[in-house]
file input38.pdb (PDB, C-alpha atoms)
MODEL        1
ATOM      1  CA  MET Q  76      27.004 -12.522 -20.514
ATOM      2  CA  SER Q  77      27.643  -9.025 -19.179
ATOM      3  CA  ASN Q  78      26.473  -7.820 -15.769
ATOM      4  CA  ALA Q  79      26.408  -4.222 -16.954
ATOM      5  CA  ALA Q  80      23.033  -2.554 -16.515
ATOM      6  CA  THR Q  81      21.212  -1.755 -19.694
ATOM      7  CA  SER Q  82      20.056   1.814 -19.862
ATOM      8  CA  ILE Q  83      17.406   3.346 -22.038
ATOM      9  CA  GLU Q  84      17.254   7.019 -22.750
ATOM     10  CA  LYS Q  85      13.898   8.467 -21.802
ATOM     11  CA  TYR Q  86      12.933  12.126 -21.977
ATOM     12  CA  VAL Q  87      10.637  13.643 -19.377
ATOM     13  CA  HIS Q  88       9.338  17.145 -19.047
ATOM     14  CA  LEU Q  89       9.892  18.888 -15.718
ATOM     15  CA  SER Q  90       8.878  22.281 -14.539
ATOM     16  CA  ALA Q  91      11.736  24.754 -14.253
ATOM     17  CA  GLU Q  92      11.456  24.576 -10.468
ATOM     18  CA  CYS Q  93      11.673  20.753 -10.392
ATOM     19  CA  ALA Q  94      14.591  20.735 -12.828
ATOM     20  CA  ASP Q  95      16.410  23.289 -10.672
ATOM     21  CA  ARG Q  96      15.789  21.339  -7.470
ATOM     22  CA  LEU Q  97      16.900  18.103  -9.144
ATOM     23  CA  GLY Q  98      20.123  19.758 -10.282
ATOM     24  CA  ARG Q  99      20.823  21.204  -6.826
ATOM     25  CA  LEU Q 100      20.127  17.848  -5.185
ATOM     26  CA  ALA Q 101      22.461  16.042  -7.583
ATOM     27  CA  ARG Q 102      25.240  18.541  -6.963
ATOM     28  CA  ALA Q 103      24.768  18.399  -3.185
ATOM     29  CA  ARG Q 104      24.924  14.584  -3.259
ATOM     30  CA  GLU Q 105      27.741  14.591  -5.784
ATOM     31  CA  THR Q 106      25.824  12.240  -8.032
ATOM     32  CA  SER Q 107      23.979  12.417 -11.326
ATOM     33  CA  GLU Q 108      20.450  13.603 -11.872
ATOM     34  CA  ASP Q 109      19.770  10.298 -13.630
ATOM     35  CA  LEU Q 110      20.714   8.301 -10.528
ATOM     36  CA  ILE Q 111      18.488  10.432  -8.314
ATOM     37  CA  VAL Q 112      15.549  10.006 -10.686
ATOM     38  CA  GLU Q 113      16.156   6.241 -10.868
ATOM     39  CA  LYS Q 114      16.241   5.936  -7.072
ATOM     40  CA  ALA Q 115      13.097   8.057  -6.742
ATOM     41  CA  LEU Q 116      11.303   5.875  -9.281
ATOM     42  CA  ASN Q 117      12.343   2.735  -7.396
ATOM     43  CA  VAL Q 118      10.809   4.177  -4.222
ATOM     44  CA  LEU Q 119       7.642   5.035  -6.148
ATOM     45  CA  PHE Q 120       7.429   1.543  -7.664
ATOM     46  CA  GLU Q 121       7.948  -0.137  -4.265
ATOM     47  CA  LEU Q 122       5.261   2.052  -2.716
ATOM     48  CA  THR Q 123       2.882   1.265  -5.569
ATOM     49  CA  ASP Q 124       3.510  -2.477  -5.125
ATOM     50  CA  LEU Q 125       2.892  -2.174  -1.383
ATOM     51  CA  LEU Q 126      -0.368  -0.281  -1.885
ATOM     52  CA  GLU Q 127      -1.548  -2.791  -4.489
ATOM     53  CA  ARG Q 128      -0.836  -5.702  -2.116
ATOM     54  CA  ASP Q 129      -2.632  -3.864   0.685
ATOM     55  CA  SER Q 130      -5.572  -3.178  -1.623
ATOM     56  CA  GLY Q 131      -5.795  -6.870  -2.470
ATOM     57  CA  SER Q 132      -5.848  -7.739   1.227
ATOM     58  CA  ARG Q 133      -8.625  -5.223   1.846
ATOM     59  CA  GLU Q 134     -10.669  -6.696  -1.012
ATOM     60  CA  TRP Q 135     -10.365 -10.231   0.409
ATOM     61  CA  SER Q 136     -11.162  -8.935   3.879
ATOM     62  CA  HIS Q 137     -14.267  -7.186   2.569
ATOM     63  CA  LEU Q 138     -15.433 -10.383   0.857
ATOM     64  CA  SER Q 139     -14.930 -12.441   4.006
ATOM     65  CA  GLU Q 140     -16.695  -9.839   6.165
ATOM     66  CA  THR Q 141     -19.728  -9.963   3.912
ATOM     67  CA  SER Q 142     -19.891 -13.750   4.141
ATOM     68  CA  LEU Q 143     -19.339 -13.765   7.888
ATOM     69  CA  GLU Q 144     -22.028 -11.142   8.395
ATOM     70  CA  ARG Q 145     -24.494 -13.254   6.431
ATOM     71  CA  VAL Q 146     -23.779 -16.254   8.698
ATOM     72  CA  TRP Q 147     -23.381 -14.333  11.945
ATOM     73  CA  GLU Q 148     -26.353 -11.961  11.775
ATOM     74  CA  ASN Q 149     -29.409 -14.174  11.619
ATOM     75  CA  ASP Q 150     -32.511 -14.667  13.771
ATOM     76  CA  GLU Q 151     -31.546 -18.183  14.852
ATOM     77  CA  ASP Q 152     -28.251 -16.907  16.181
ATOM     78  CA  ALA Q 153     -29.696 -13.804  17.856
ATOM     79  CA  ILE Q 154     -30.409 -15.620  21.123
ATOM     80  CA  TYR Q 155     -26.685 -16.062  21.670
ATOM     81  CA  ASP Q 156     -26.107 -12.316  21.453
ATOM     82  CA  ASN Q 157     -27.434 -12.112  25.018
ATOM     83  CA  TRP Q 158     -25.520 -15.135  26.304
ATOM     84  CA  LYS Q 159     -24.908 -13.578  29.711
ATOM     85  CA  ASP Q 160     -28.674 -13.371  30.301
ATOM     86  CA  LEU Q 161     -29.214 -16.815  28.791
ATOM     87  CA  TYR Q 162     -26.676 -18.458  31.129
ATOM     88  CA  GLY Q 163     -27.381 -16.240  34.154
ATOM     89  CA  VAL Q 164     -23.923 -14.659  34.350
ATOM     90  CA  PRO Q 165     -23.947 -12.105  37.177
ATOM     91  CA  THR Q 166     -22.847  -8.561  36.422
ATOM     92  CA  ARG Q 167     -19.825  -7.257  38.319
TER      93      ARG Q 167
ENDMDL
END

call {"tool": "encode", "arguments": {"input": "input38.pdb", "output": "structure tokens"}}
result
Amino acid sequence: MSNAATSIEKYVHLSAECADRLGRLARARETSEDLIVEKALNVLFELTDLLERDSGSREWSHLSETSLERVWENDEDAIYDNWKDLYGVPTR
């Protein structure tokens, strides 16, 4: 089995300005435009994965907050909101 990377030719449309900047960047880095685009896409994909994981965490957090609020904010529990008064804790 070969370890050589498989490449697929894919055409994208860039504005003239982006194509020019890509060419200048490739020349300045002494690399190919394809390699720069591949690296940029890898950064984009990693960022997307990170944001999706973060979004999932926020969704779970929101669900738990809703449940906790339902348990925490109730009339039976309200007396404990003023626990300092209830237990006679002096103010400083």

call {"tool": "closest_residue", "arguments": {"input": "input38.pdb", "among": "Q:Asp150, Q:Leu138, Q:Thr166, Q:Leu97", "to": "Leu110 (chain Q)", "atoms": "only C-alpha atoms"}}
result
Q:Leu97

call {"tool": "atom_distance", "arguments": {"input": "input38.pdb", "atom1": "CA of Asp156 (chain Q)", "atom2": "CA of Glu144 (chain Q)"}}
result
13.7 Å

call {"tool": "atom_distance", "arguments": {"input": "input38.pdb", "atom1": "CA of Glu121 (chain Q)", "atom2": "CA of Ala91 (chain Q)"}}
result
27.1 Å

call {"tool": "axis_aligned_box", "arguments": {"input": "input38.pdb", "around": "region 113-123 of chain Q", "padding_each_side": "6 Å", "output": "JSON"}}
result
{"center_x": 9.6, "center_y": 4.0, "center_z": -6.8, "size_x": 25.4, "size_y": 20.2, "size_z": 20.2}

call {"tool": "atom_distance", "arguments": {"input": "input38.pdb", "atom1": "CA of Arg102 (chain Q)", "atom2": "CA of Leu119 (chain Q)"}}
result
22.2 Å

call {"tool": "closest_residue", "arguments": {"input": "input38.pdb", "among": "Q:Leu122, Q:Val164, Q:Thr141, Q:Asp109", "to": "Glu84 (chain Q)", "atoms": "all atoms listed in the file"}}
result
Q:Asp109

call {"tool": "residues_around", "arguments": {"input": "input38.pdb", "residues": "Val112 (chain Q)", "least_positions_apart": "6", "cutoff": "12 Å", "atoms": "only C-alpha atoms", "output": "list in words"}}
result
Lys85, Tyr86, Val87, Leu89, Cys93, Ala94, Arg96, Leu97, Gly98, Leu100, Ala101, Thr106, Val118 and Leu119 of chain Q
